[in-house]
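**Student:** This is the structure I have questions about; it appears just below.
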Amino acid sequence: FVPSSTNIVQRQNFMANFNGNKGKMNSGSNKNVTRRRMAGGEGGESEWVKALLENTAPEPGAFEQEMKMKGLLGNKGGENTKLTANQELVAWLEKEGDVYLSEQSSWGEAPHPMAISTDTKDEITNESSGRGLLARRDINDGDNLLKIPIKLCLTKESARKAVGKDVLPPEINEYLAIACQLIHERYVLGDKSFYKPYIGVLPETTEVNPTFTWSDEDLVFLEGSPVIAATKSMQMKLQREYDALLGGEDGLCNKYPDRFPKDKFTYENWIWAFTMLFSRAIRLRSLKQGETLAMVPYADLINHSPFSQAYIDAREAGDWLFSTGEEEVILYADRGYRRMEQIYISYGQKSNAELLLLYGFAVERNPYNSVDVTVAIAPRTESFVKELNDDSIPVDPLAEEKIAFLESVGRDSIVDFPCYADRYPVELLEFLRLMQMTPEDTRGKALKDFDYSRTISAANEAAVLTSVIDAVKRQLDKYPNTEEEDAALIKDKAMFRLLSYNQRMAIRHRRNEKRLLKRTIAALENQIRKQGLDDPDLLRRAEGSTLGQLLPGDERKYGLKQKTALEDRLEKMGLPVDLR
Ligand SMILES: C[S@@+](CC[C@H](N)C(=O)[O-])C[C@H]1O[C@@H](n2cnc3c(N)ncnc32)[C@H](O)[C@@H]1O
């Protein structure tokens, strides 16, 4: 789930323009706003008819009937309980939060534009994506889709109130606090919980299936993928957090057995709570008191599309005249939607590895997909080469200077970088240009005096690109089977369906990773050709050079990897402790 406040700012600009800036409608930064206003119509006759149709609900229940016929309400057993749960959630939001969710218009209220589907499907893979929200009628770009008051959300504040401010101190990590509240509401209070209608629509762990909940037998299907290392460290981290806060000797279960009964605050329930948090919690960035992590009922029924421009954030409720001072979570449509279409938001620019690890699904066409690749280059100092005991490996006369330079800029000689289908990070190139420097390149100048964001020399660039190719090939070699073998498995639909959901996800995922890596190799080879770096002399230097290769001993010396790029990104989410 994601965050940013541009959408809200656009909306505010829109109001400012509408109210007092009419002469400047086309000015620069407000192009978007102008487009919206045009789409909203100028009140002509056809606009009236459209508005009337939009605001006049068809027979109550007609939409649900149509969804049912299309199978969007689910036709398997057990769906009735899901439908009842949906209705209970809607009734609760209306009663406790004054949220207007009616399909009919009322004074000052347009009919609510969305409906809950209990059984949405991924259009490409046909896998279930659980509940989702559909457009009840045609929706215009910029329409307000929902407003949920903060008081109905689970936050650190609500958690401290519910479980006890004495046991959850003000500085407690938000994830840990909300996890405690989720367990408290679902397993301790149960039917008596104020949040019961919300808890009632939350899925089970096995309906979400993030990789940190997978068995080792299922994880084997991901062999070779960097997602395994991230999964393992997440598993360790969750266990450590559980022991430290709840289950260990000094944990809350021992200290406060009445409030933290051991049979409710189990590790299994902890994993469920974190499955909910990782897959549904939103970071609200525009609250008065700053950022807050929140579980937002109803808004968290919206599925992810990497192409959606919509995201959720908060603002003060009401308008300038009737501001109540309370805050609410809001969402505007990022584009027009046709009736019955599923509404999506973006959970952020996430790779499939991140999505699988935290949300239990991956997207077949994901422009943000990347695979973490490791480039390790041990500077070949005299002592290091001696240790390798291999006469064919030369000492690098610049090795000591490279080490000193890396240290001075706070870098390691091992880099884990996300490799995208069409790009790789500038830092990687800069790092490799430095590591591939030879006395021929420096001609006596100090290493720190070069600008590594630019090509150093044709030979250096050839060596750099060749070492990226080497690193990507090494990553490809880690998978036990080829992309073609995976493609054949997926193509045999009958056999593929016999595998479990996790296994199908794993095979699709590793196949997509391999495809991406192969494309990268092809693109790099193409780049080498296009830049004229395929000159045999240059390539001889690149290929003859052992500088860019992970040599025997490097794995041993540098084998204990630092944080992977994925772990790095996870940390930025504000997770409680170091991953290792
Ligand atoms: C915020 S919830 C969205 C509502 C959810 N479908 C439900 O039933 O409650 C996030 C979860 O929805 C599912 N999901 C969201 N977007 C998806 C997509 N594009 N494909 C498959 N599953 C998706 C995943 O299980 C994910 O962990």
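Naming scheme: A, B, ... for chains in displayed order of the structure tokens; residues 1 onward per chain; ligands 1 onward as shown.
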What's the 8 Å shell around A:Gln475, counting only C-alpha atoms, without same-chain residues fewer than 4 positions away, as a CSV table (one decimal) with C-alpha atoms, in the first residue's frame?
**Tutor:**
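Dumped to part.csv:
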chain,number,residue,atom,x,y,z
A,224,GLY,CA,17.7,-19.9,-6.9
A,373,VAL,CA,21.9,-9.5,-8.4
A,374,THR,CA,25.1,-9.5,-6.5
A,471,ALA,CA,27.0,-11.2,-12.5
A,479,TYR,CA,18.2,-21.7,-10.6
**Student:** Neighbours of ligand 1 within 9 Å, counting only C-alpha atoms and all ligand atoms, as a PyMOL selection string?
**Tutor:** chain A and resi 1+117-123+127-133+201-203+207-210+275-276+278-282+298-306+344-347+355-356+358-363
**Student:** Tell me, as a ChimeraX atom specification, which residues lie within 9 Å of A:Thr292, counting only C-alpha atoms; anything in the same chain fewer than 6 positions away does not count.
**Tutor:** /A:155-156,174,282-286
**Student:** Could you dump the residues just selected with N, CA and C atoms as a short mmCIF file (atom, residue, chain, number, x, y, z; two decimals), in the first residue's frame?
**Tutor:**
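Full text of again.cif as output:
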data_model
loop_
_atom_site.label_atom_id
_atom_site.label_comp_id
_atom_site.auth_asym_id
_atom_site.auth_seq_id
_atom_site.Cartn_x
_atom_site.Cartn_y
_atom_site.Cartn_z
N THR A 155 -4.60 1.81 14.58
CA THR A 155 -3.31 2.52 14.55
C THR A 155 -2.60 2.22 15.87
N LYS A 156 -1.39 2.73 15.99
CA LYS A 156 -0.68 2.54 17.25
C LYS A 156 -1.49 3.16 18.40
N GLU A 174 5.13 0.72 15.54
CA GLU A 174 3.72 0.68 15.13
C GLU A 174 3.27 -0.73 14.73
N ILE A 282 -1.69 0.70 5.68
CA ILE A 282 -1.35 1.82 4.80
C ILE A 282 -0.54 2.82 5.61
N ARG A 283 0.46 3.41 4.98
CA ARG A 283 1.17 4.49 5.68
C ARG A 283 0.53 5.81 5.27
N LEU A 284 -0.17 6.42 6.20
CA LEU A 284 -0.82 7.71 5.92
C LEU A 284 0.21 8.80 6.21
N ARG A 285 0.48 9.61 5.18
CA ARG A 285 1.59 10.57 5.35
C ARG A 285 1.12 11.98 5.64
N SER A 286 -0.17 12.24 5.41
CA SER A 286 -0.59 13.65 5.53
C SER A 286 -1.42 13.93 6.78
#
**Student:** According to DSSP computed on the backbone, where in stretch 187-380 of chain A is there strand (DSSP E or B)? Give the residues as a ChimeraX atom specification.
**Tutor:** /A:282-287,290-295,303-304,313-316,327-332,337,342,344-345,370-376
**Student:** Mind checking which residues fall within 10 Å of A:Leu152, counting only C-alpha atoms, ignoring those fewer than 3 positions away in the same chain, and posting them as a list in words?
**Tutor:**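 The filter keeps Trp92, Leu93, Glu96, Gly97, Ile148, Pro149, Thr155, Ser158, Phe194, Tyr195, Tyr198, Ala294, Met295, Val296, Pro297 and Glu328 of chain A.
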**Student:** Considering only C-alpha atoms, give me a table of residues in stretch 375-475 of chain A that are at most 6 Å from stretch 509-533 of chain A, with the closest atom pair and distance in Å for each, as JSON lines.
**Tutor:**
{"residue": "A:Ala421", "atom": "CA", "partner": "A:Leu516", "partner_atom": "CA", "distance": 5.3}
{"residue": "A:Ala462", "atom": "CA", "partner": "A:Leu533", "partner_atom": "CA", "distance": 5.6}
{"residue": "A:Ile469", "atom": "CA", "partner": "A:Ile521", "partner_atom": "CA", "distance": 5.7}
**Student:** Can you list, as a PyMOL selection string, every residue of stretch 453-535 of chain A that DSSP puts in helix (DSSP H, G or I)?
**Tutor:** chain A and resi 458-477+483-491+493-498+501-530
**Student:** Between atom CA of A:Ser215 and atom CA of A:Arg497, measure the distance and give it in Å to one decimal.
**Tutor:** 19.2 Å
**Student:** Report the closest atom pair, with its distance in Å rounded to one decimal, for each residue of stretch 323-426 of chain A that has an atom no farther than 12 Å from stretch 66-69 of chain A; count only C-alpha atoms, sort by chain and then rising residue number, and write it as a tab-separated table.
**Tutor:**
residue	atom	partner	partner_atom	distance
A:Arg339	CA	A:Met67	CA	10.9
A:Met340	CA	A:Met67	CA	7.9
A:Glu341	CA	A:Met67	CA	10.9
A:Gln342	CA	A:Met67	CA	11.6
**Student:** Measuring between only C-alpha atoms, which one of A:Asp492, A:Gln436, A:Val227, A:Glu185 shows the shortest distance to A:Glu461?
**Tutor:**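 Nearest to A:Glu461: A:Gln436.
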**Student:** Enter the distance from atom CA of A:Pro397 to atom CA of A:Glu382, in Å, rounded to one decimal.
**Tutor:** 8.7 Å
**Student:** Any idea what's packed within 9 Å of A:Phe431, counting only C-alpha atoms, ignoring anything in its chain fewer than 6 positions away? Could you give it as an NGL selection string?
**Tutor:** :A and (406 or 411 or 413 or 415 or 452)
**Student:** Which of these residues is nearest to A:Asn126, using only C-alpha atoms: A:Val395, A:Ala177, A:Met437, A:Met505?
**Tutor:** A:Met505
